[in-house]
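**Q** For reference, the file work_2.cif (mmCIF, C-alpha atoms) is included below:
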```
data_coords
#
loop_
_atom_site.label_atom_id
_atom_site.label_comp_id
_atom_site.auth_asym_id
_atom_site.auth_seq_id
_atom_site.Cartn_x
_atom_site.Cartn_y
_atom_site.Cartn_z
CA MET N 1 63.71 98.67 102.56
CA THR N 2 65.46 101.84 103.73
CA ASN N 3 68.74 103.17 102.31
CA THR N 4 70.43 102.40 105.63
CA THR N 5 69.36 98.75 105.39
CA ARG N 6 70.56 98.59 101.78
CA ALA N 7 73.89 100.10 102.84
CA GLY N 8 74.18 97.45 105.54
CA LEU N 9 73.63 94.67 103.00
CA TRP N 10 76.27 96.14 100.68
CA MET N 11 78.66 96.31 103.63
CA ILE N 12 78.11 92.62 104.31
CA GLY N 13 79.28 92.05 100.75
CA ALA N 14 82.35 94.23 101.38
CA ILE N 15 83.21 92.38 104.60
CA VAL N 16 82.90 88.97 102.94
CA SER N 17 85.01 90.16 99.99
CA PHE N 18 87.80 91.66 102.11
CA THR N 19 87.90 88.54 104.27
CA SER N 20 87.97 86.28 101.21
CA MET N 21 90.82 88.28 99.70
CA ALA N 22 92.88 87.93 102.88
CA ILE N 23 92.39 84.15 103.01
CA ALA N 24 93.12 83.78 99.29
CA GLY N 25 96.20 86.00 99.57
CA ARG N 26 97.65 83.83 102.32
CA ALA N 27 96.83 80.66 100.36
CA VAL N 28 98.64 81.69 97.16
CA SER N 29 101.62 83.13 99.06
CA LEU N 30 102.91 79.57 99.40
CA GLU N 31 103.91 79.55 95.71
CA LEU N 32 103.75 83.18 94.47
CA ASP N 33 105.45 86.33 95.75
CA THR N 34 103.47 89.53 96.27
CA PHE N 35 104.45 91.00 92.89
CA GLU N 36 103.22 87.89 91.11
CA ILE N 37 100.00 87.94 93.12
CA MET N 38 99.41 91.56 92.12
CA MET N 39 100.23 90.85 88.48
CA PHE N 40 97.78 87.96 88.16
CA ARG N 41 95.17 89.78 90.24
CA SER N 42 95.37 92.78 87.92
CA LEU N 43 95.25 90.66 84.76
CA THR N 44 92.10 89.02 86.13
CA GLY N 45 90.75 92.48 86.96
CA ILE N 46 91.30 93.73 83.40
CA VAL N 47 89.07 90.96 82.05
CA ILE N 48 86.38 91.68 84.66
CA VAL N 49 86.39 95.44 84.02
CA LEU N 50 86.28 95.06 80.22
CA VAL N 51 83.42 92.54 80.34
CA VAL N 52 81.32 94.50 82.85
CA ALA N 53 81.97 97.86 81.15
CA SER N 54 81.06 96.40 77.76
CA PHE N 55 77.73 95.10 79.06
CA ALA N 56 77.07 98.39 80.90
CA GLY N 57 77.99 100.48 77.86
CA THR N 58 80.53 102.55 79.79
CA LEU N 59 83.72 101.48 78.02
CA SER N 60 83.70 104.73 76.03
CA GLN N 61 84.27 106.61 79.30
CA VAL N 62 87.87 105.41 79.43
CA ASN N 63 90.28 108.24 78.51
CA ARG N 64 93.87 109.39 79.06
CA GLN N 65 93.11 112.91 80.32
CA LYS N 66 94.51 112.33 83.82
CA LEU N 67 96.94 109.52 83.07
CA GLY N 68 99.67 111.03 85.27
CA LEU N 69 97.33 111.18 88.26
CA HIS N 70 96.11 107.65 87.53
CA ALA N 71 99.76 106.54 87.57
CA LEU N 72 100.40 108.19 90.96
CA ARG N 73 97.23 106.70 92.41
CA ASN N 74 98.03 103.21 91.24
CA LEU N 75 101.67 103.38 92.26
CA ALA N 76 100.48 104.19 95.79
CA HIS N 77 97.89 101.42 95.71
CA PHE N 78 100.28 98.89 94.17
CA THR N 79 102.82 99.60 96.92
CA GLY N 80 100.22 99.46 99.68
CA GLN N 81 98.62 96.29 98.36
CA ASN N 82 101.97 94.50 98.05
CA LEU N 83 102.82 95.41 101.63
CA TRP N 84 99.37 94.23 102.73
CA PHE N 85 99.77 90.86 101.03
CA PHE N 86 103.22 90.48 102.61
CA ALA N 87 101.89 91.35 106.07
CA LEU N 88 99.18 88.69 105.71
CA THR N 89 101.85 86.00 105.63
CA VAL N 90 103.91 87.03 108.67
CA ILE N 91 101.61 88.51 111.33
CA PRO N 92 98.12 87.60 112.61
CA LEU N 93 95.31 88.61 110.25
CA ALA N 94 93.52 90.57 112.99
CA GLN N 95 96.61 92.74 113.48
CA VAL N 96 96.81 93.42 109.73
CA PHE N 97 93.18 94.54 109.64
CA ALA N 98 93.54 96.63 112.81
CA LEU N 99 96.48 98.57 111.37
CA GLU N 100 94.65 98.95 108.05
CA PHE N 101 91.96 100.92 109.92
CA THR N 102 94.52 103.73 110.40
CA THR N 103 94.10 104.66 106.72
CA PRO N 104 91.58 107.47 107.47
CA ILE N 105 94.01 108.91 110.03
CA TRP N 106 96.68 109.24 107.36
CA VAL N 107 94.12 110.82 105.03
CA ILE N 108 93.52 113.49 107.68
CA LEU N 109 97.24 114.26 107.87
CA PHE N 110 97.96 114.19 104.12
CA SER N 111 94.88 116.11 102.94
CA PRO N 112 96.25 119.59 103.81
CA LEU N 113 99.36 118.85 101.74
CA LEU N 114 97.78 117.12 98.75
CA LEU N 115 94.21 118.44 98.65
CA LYS N 116 94.78 121.88 100.22
CA GLU N 117 92.12 121.07 102.81
CA ARG N 118 92.37 122.63 106.27
CA ILE N 119 92.87 120.19 109.10
CA THR N 120 90.40 120.74 111.96
CA TRP N 121 91.19 120.49 115.62
CA ILE N 122 88.90 117.45 115.73
CA GLY N 123 90.92 115.93 112.90
CA MET N 124 94.17 116.52 114.78
CA LEU N 125 92.68 115.02 117.96
CA ALA N 126 91.48 112.02 115.96
CA ALA N 127 94.99 111.53 114.55
CA ILE N 128 96.51 111.58 118.04
CA ILE N 129 93.94 109.11 119.38
CA GLY N 130 94.41 106.92 116.31
CA PHE N 131 98.16 106.68 116.79
CA ALA N 132 97.58 105.83 120.44
CA GLY N 133 95.52 102.92 119.14
CA VAL N 134 98.41 101.88 116.90
CA MET N 135 100.71 101.81 119.93
CA ILE N 136 98.26 99.53 121.73
CA VAL N 137 98.02 97.18 118.73
CA THR N 138 101.78 96.96 118.15
CA GLN N 139 102.84 97.16 121.84
CA PRO N 140 106.35 98.43 121.02
CA GLY N 141 107.44 98.30 124.65
CA HIS N 142 106.57 94.63 125.09
CA THR N 143 107.14 92.99 121.72
CA ALA N 144 109.65 93.60 118.96
CA ILE N 145 108.32 95.50 115.95
CA SER N 146 108.37 92.93 113.15
CA SER N 147 108.69 93.44 109.42
CA GLY N 148 105.05 92.40 109.10
CA THR N 149 103.89 95.08 111.52
CA ILE N 150 105.87 97.74 109.65
CA ALA N 151 104.49 96.47 106.33
CA ALA N 152 100.87 96.58 107.55
CA ALA N 153 101.31 100.11 108.92
CA ALA N 154 103.01 101.26 105.72
CA ALA N 155 100.24 99.66 103.66
CA ALA N 156 97.75 101.93 105.42
CA ILE N 157 99.79 104.93 104.26
CA GLY N 158 99.69 103.62 100.70
CA PHE N 159 95.92 103.16 100.92
CA ALA N 160 95.53 106.69 102.32
CA LEU N 161 97.42 108.18 99.37
CA THR N 162 95.26 106.06 97.07
CA ALA N 163 92.10 107.49 98.66
CA ILE N 164 93.35 111.06 98.27
CA PHE N 165 94.32 110.62 94.62
CA THR N 166 91.00 108.84 94.00
CA ARG N 167 89.15 111.84 95.45
CA LYS N 168 90.96 114.03 92.93
CA LEU N 169 90.15 111.70 90.05
CA THR N 170 86.44 111.41 90.85
CA ARG N 171 86.04 115.13 90.19
CA ASN N 172 86.10 114.47 86.44
CA GLN N 173 86.78 110.75 85.87
CA SER N 174 84.19 107.96 85.83
CA ILE N 175 84.35 104.83 87.96
CA THR N 176 84.88 102.73 84.82
CA CYS N 177 87.85 104.87 83.80
CA ILE N 178 89.38 104.69 87.28
CA LEU N 179 88.96 100.91 87.50
CA PHE N 180 90.30 100.41 83.97
CA TRP N 181 93.55 102.23 84.70
CA LEU N 182 93.68 100.59 88.15
CA THR N 183 93.87 97.15 86.60
CA VAL N 184 95.98 98.03 83.53
CA LEU N 185 98.65 100.08 85.31
CA GLN N 186 98.96 97.67 88.20
CA ALA N 187 99.28 94.77 85.77
CA ILE N 188 102.18 96.66 84.15
CA PHE N 189 103.76 97.38 87.55
CA GLY N 190 103.31 93.72 88.48
CA ILE N 191 104.92 92.43 85.29
CA ILE N 192 107.91 94.75 85.74
CA CYS N 193 108.44 93.91 89.42
CA ALA N 194 107.73 90.20 89.10
CA GLY N 195 109.86 89.80 86.00
CA TYR N 196 112.87 91.94 86.83
CA ASP N 197 114.86 88.79 87.60
CA GLY N 198 113.62 86.98 84.51
CA ASP N 199 111.71 84.43 86.58
CA ILE N 200 107.93 84.72 86.85
CA ALA N 201 106.16 81.85 88.58
CA PHE N 202 102.74 80.88 87.23
CA PRO N 203 99.97 79.70 89.53
CA SER N 204 99.33 75.99 89.73
CA ILE N 205 95.91 74.49 89.12
CA THR N 206 95.44 74.56 92.89
CA ALA N 207 96.36 78.25 93.23
CA LEU N 208 94.50 79.49 90.13
CA PRO N 209 91.04 79.61 91.78
CA TRP N 210 92.54 81.64 94.65
CA ILE N 211 94.03 84.13 92.16
CA ILE N 212 90.67 84.50 90.43
CA LEU N 213 89.01 84.96 93.83
CA ILE N 214 91.49 87.73 94.71
CA GLY N 215 90.71 89.50 91.42
CA PHE N 216 86.94 89.34 91.94
CA ALA N 217 87.01 90.02 95.69
CA GLY N 218 89.20 93.12 95.38
CA LEU N 219 86.90 94.81 92.86
CA ILE N 220 83.68 93.67 94.54
CA ALA N 221 84.84 94.86 97.99
CA HIS N 222 85.52 98.40 96.82
CA PHE N 223 82.34 98.50 94.73
CA CYS N 224 80.25 97.40 97.73
CA LEU N 225 81.92 99.94 100.02
CA THR N 226 81.46 102.78 97.50
CA THR N 227 77.81 101.83 96.95
CA ALA N 228 77.15 101.69 100.70
CA LEU N 229 78.64 105.17 101.15
CA SER N 230 76.36 106.47 98.39
CA LEU N 231 73.31 105.17 100.27
CA ALA N 232 74.11 106.14 103.87
CA PRO N 233 76.39 108.58 105.75
CA ALA N 234 79.93 107.54 106.57
CA ASN N 235 79.20 107.59 110.31
CA ILE N 236 76.74 104.75 109.72
CA VAL N 237 78.70 102.79 107.13
CA MET N 238 82.14 102.82 108.75
CA PRO N 239 81.08 101.24 112.07
CA ILE N 240 79.73 98.33 110.00
CA ASP N 241 83.10 98.08 108.24
CA PHE N 242 84.69 97.68 111.68
CA ILE N 243 82.97 94.27 111.92
CA ARG N 244 85.72 93.07 109.57
CA LEU N 245 88.08 92.82 112.54
CA PRO N 246 86.20 90.30 114.72
CA VAL N 247 85.18 88.38 111.58
CA ILE N 248 88.77 87.95 110.38
CA ALA N 249 89.94 87.21 113.94
CA ILE N 250 87.40 84.38 114.28
CA VAL N 251 88.24 83.03 110.82
CA ALA N 252 91.99 83.16 111.58
CA ALA N 253 91.45 81.37 114.89
CA GLN N 254 89.43 78.60 113.25
CA VAL N 255 91.48 78.18 110.07
CA TYR N 256 95.03 79.06 111.17
CA ASN N 257 94.81 78.54 114.96
CA GLU N 258 95.82 82.16 115.55
CA VAL N 259 95.48 83.36 119.15
CA LEU N 260 92.91 86.08 119.74
CA ASP N 261 95.02 88.88 121.28
CA PRO N 262 92.71 91.13 123.35
CA TRP N 263 95.11 94.09 122.98
CA VAL N 264 94.62 94.05 119.22
CA PHE N 265 90.89 94.51 119.80
CA VAL N 266 91.44 97.25 122.38
CA GLY N 267 93.79 99.13 120.06
CA ALA N 268 91.48 98.62 117.09
CA PHE N 269 88.57 100.03 119.09
CA VAL N 270 90.64 103.14 119.92
CA ILE N 271 91.50 103.54 116.21
CA PHE N 272 87.82 103.11 115.34
CA ALA N 273 86.82 105.70 117.95
CA ALA N 274 89.28 108.17 116.40
CA ASN N 275 87.86 107.60 112.92
CA TYR N 276 84.27 107.85 114.16
CA LEU N 277 85.06 111.08 116.00
CA ASN N 278 86.45 112.66 112.85
CA ILE N 279 83.68 111.37 110.58
CA THR N 280 80.92 112.55 112.92
CA TYR N 281 82.30 115.89 114.13
CA GLY N 282 85.42 116.74 112.16
CA GLN N 283 83.77 118.49 109.23
CA HIS N 284 81.86 120.79 111.56
CA ALA N 285 84.84 121.88 113.65
CA LYS N 286 86.92 124.98 113.06
CA ALA N 287 90.63 124.65 112.40
#
```
If you convert what's in this file into structure tokens, what do you get?
**A**
Amino acid sequence: MTNTTRAGLWMIGAIVSFTSMAIAGRAVSLELDTFEIMMFRSLTGIVIVLVVASFAGTLSQVNRQKLGLHALRNLAHFTGQNLWFFALTVIPLAQVFALEFTTPIWVILFSPLLLKERITWIGMLAAIIGFAGVMIVTQPGHTAISSGTIAAAAAAIGFALTAIFTRKLTRNQSITCILFWLTVLQAIFGIICAGYDGDIAFPSITALPWIILIGFAGLIAHFCLTTALSLAPANIVMPIDFIRLPVIAIVAAQVYNEVLDPWVFVGAFVIFAANYLNITYGQHAKA
């Protein structure tokens, strides 16, 4: 079995996990707000990370050397993930996923400021094409921009900042350390935000399995994606990730009777083309 085939299998795991998390997020939203979802997801994640790290013998890798950077990373991710969970409840799932694919475009734009990396002309072209795709998905001239659309777009910005801060952390921090502080800090953020009014709702017996699924799916999705990228180039892996869109659209149509909007697919394809252009040619172009 080639590395490319292995990467494809890991990406199937990522697609299933991301799709499962979206369905579970919408299911628990009926009784929990986004802060409570994030709190219980993170508490579940802490248990998973501690158990897996203990068996793997990597728990000793956890340290506080870059705690400030961990805090920035997880504040960005906590914000983005809350917005993502909110968007799941108010706009079609396919539109949420399409707008999420703009994350690499934001990485291109933020990297010169936060990573001191030069933006290439291919990168700038990809950003322009990507935002054209966003306009097609949201259709601002034909439909009103809803709070869900704004939330999904803003979530992509949060995920982009998360990716940039993660890139900084991986220079001298282990995956175990990053995941440990991911779950611990976001649990703290969740407790603060969910409990600011003194009223934290606890999941019912019906919702509890969905919360556990969100905790597992979130960690598994990112592990599968990271593993796939370690086995094959990004220009092979990312087109597979794009399959998430038609998968979630079909699931949403079958489960929630959501209409398959062809413009969402057209816009998503334009966004994908922008990302693929940058991944394939951007690093070789001169600024």
**Q** I need every residue sitting at most 10 Å from the point (90.6, 93.8, 108.2) (coordinates as in the file, only C-alpha atoms considered), written as a count of residues only.
**A** 22
**Q** What's the separation between CA of Tyr256 in chain N and CA of Phe78 in chain N, in Å to one decimal place?
**A**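 Those two atoms sit 26.6 Å apart.
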**Q** Would you compute the distance between CA of Gly267 in chain N and CA of Ala132 in chain N? Give it in Å to one decimal.
**A**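 A separation of 7.7 Å between them.
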**Q** The PyMOL selection byres ((chain N and resi 149-165) around 7) - which residues does that actually catch in the file I just gave you? List them as a list in words.
**A**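 On this input, the PyMOL selection byres ((chain N and resi 149-165) around 7) captures Arg73, Ala76, His77, Thr79, Gly80, Gln81, Leu83, Trp84, Ala87, Ile91, Val96, Leu99, Glu100, Thr102, Thr103, Pro104, Trp106, Val107, Ile145, Ser146, Ser147, Gly148, Thr166, Arg167, Lys168 and Leu169 of chain N.
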**Q** Name the residues that the PyMOL selection byres ((chain N and resi 275) around 8) pulls out of this structure, and write them as number ranges by chain.
**A** N: 104-105, 126, 130, 271-274, 276-279
**Q** I need the chosen residues saved as a CSV table (one decimal), in the frame of the given file, with C-alpha atoms.
**A**
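Output contents, as saved in result.csv:
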```
chain,number,residue,atom,x,y,z
N,104,PRO,CA,91.6,107.5,107.5
N,105,ILE,CA,94.0,108.9,110.0
N,126,ALA,CA,91.5,112.0,116.0
N,130,GLY,CA,94.4,106.9,116.3
N,271,ILE,CA,91.5,103.5,116.2
N,272,PHE,CA,87.8,103.1,115.3
N,273,ALA,CA,86.8,105.7,118.0
N,274,ALA,CA,89.3,108.2,116.4
N,276,TYR,CA,84.3,107.8,114.2
N,277,LEU,CA,85.1,111.1,116.0
N,278,ASN,CA,86.4,112.7,112.8
N,279,ILE,CA,83.7,111.4,110.6
```
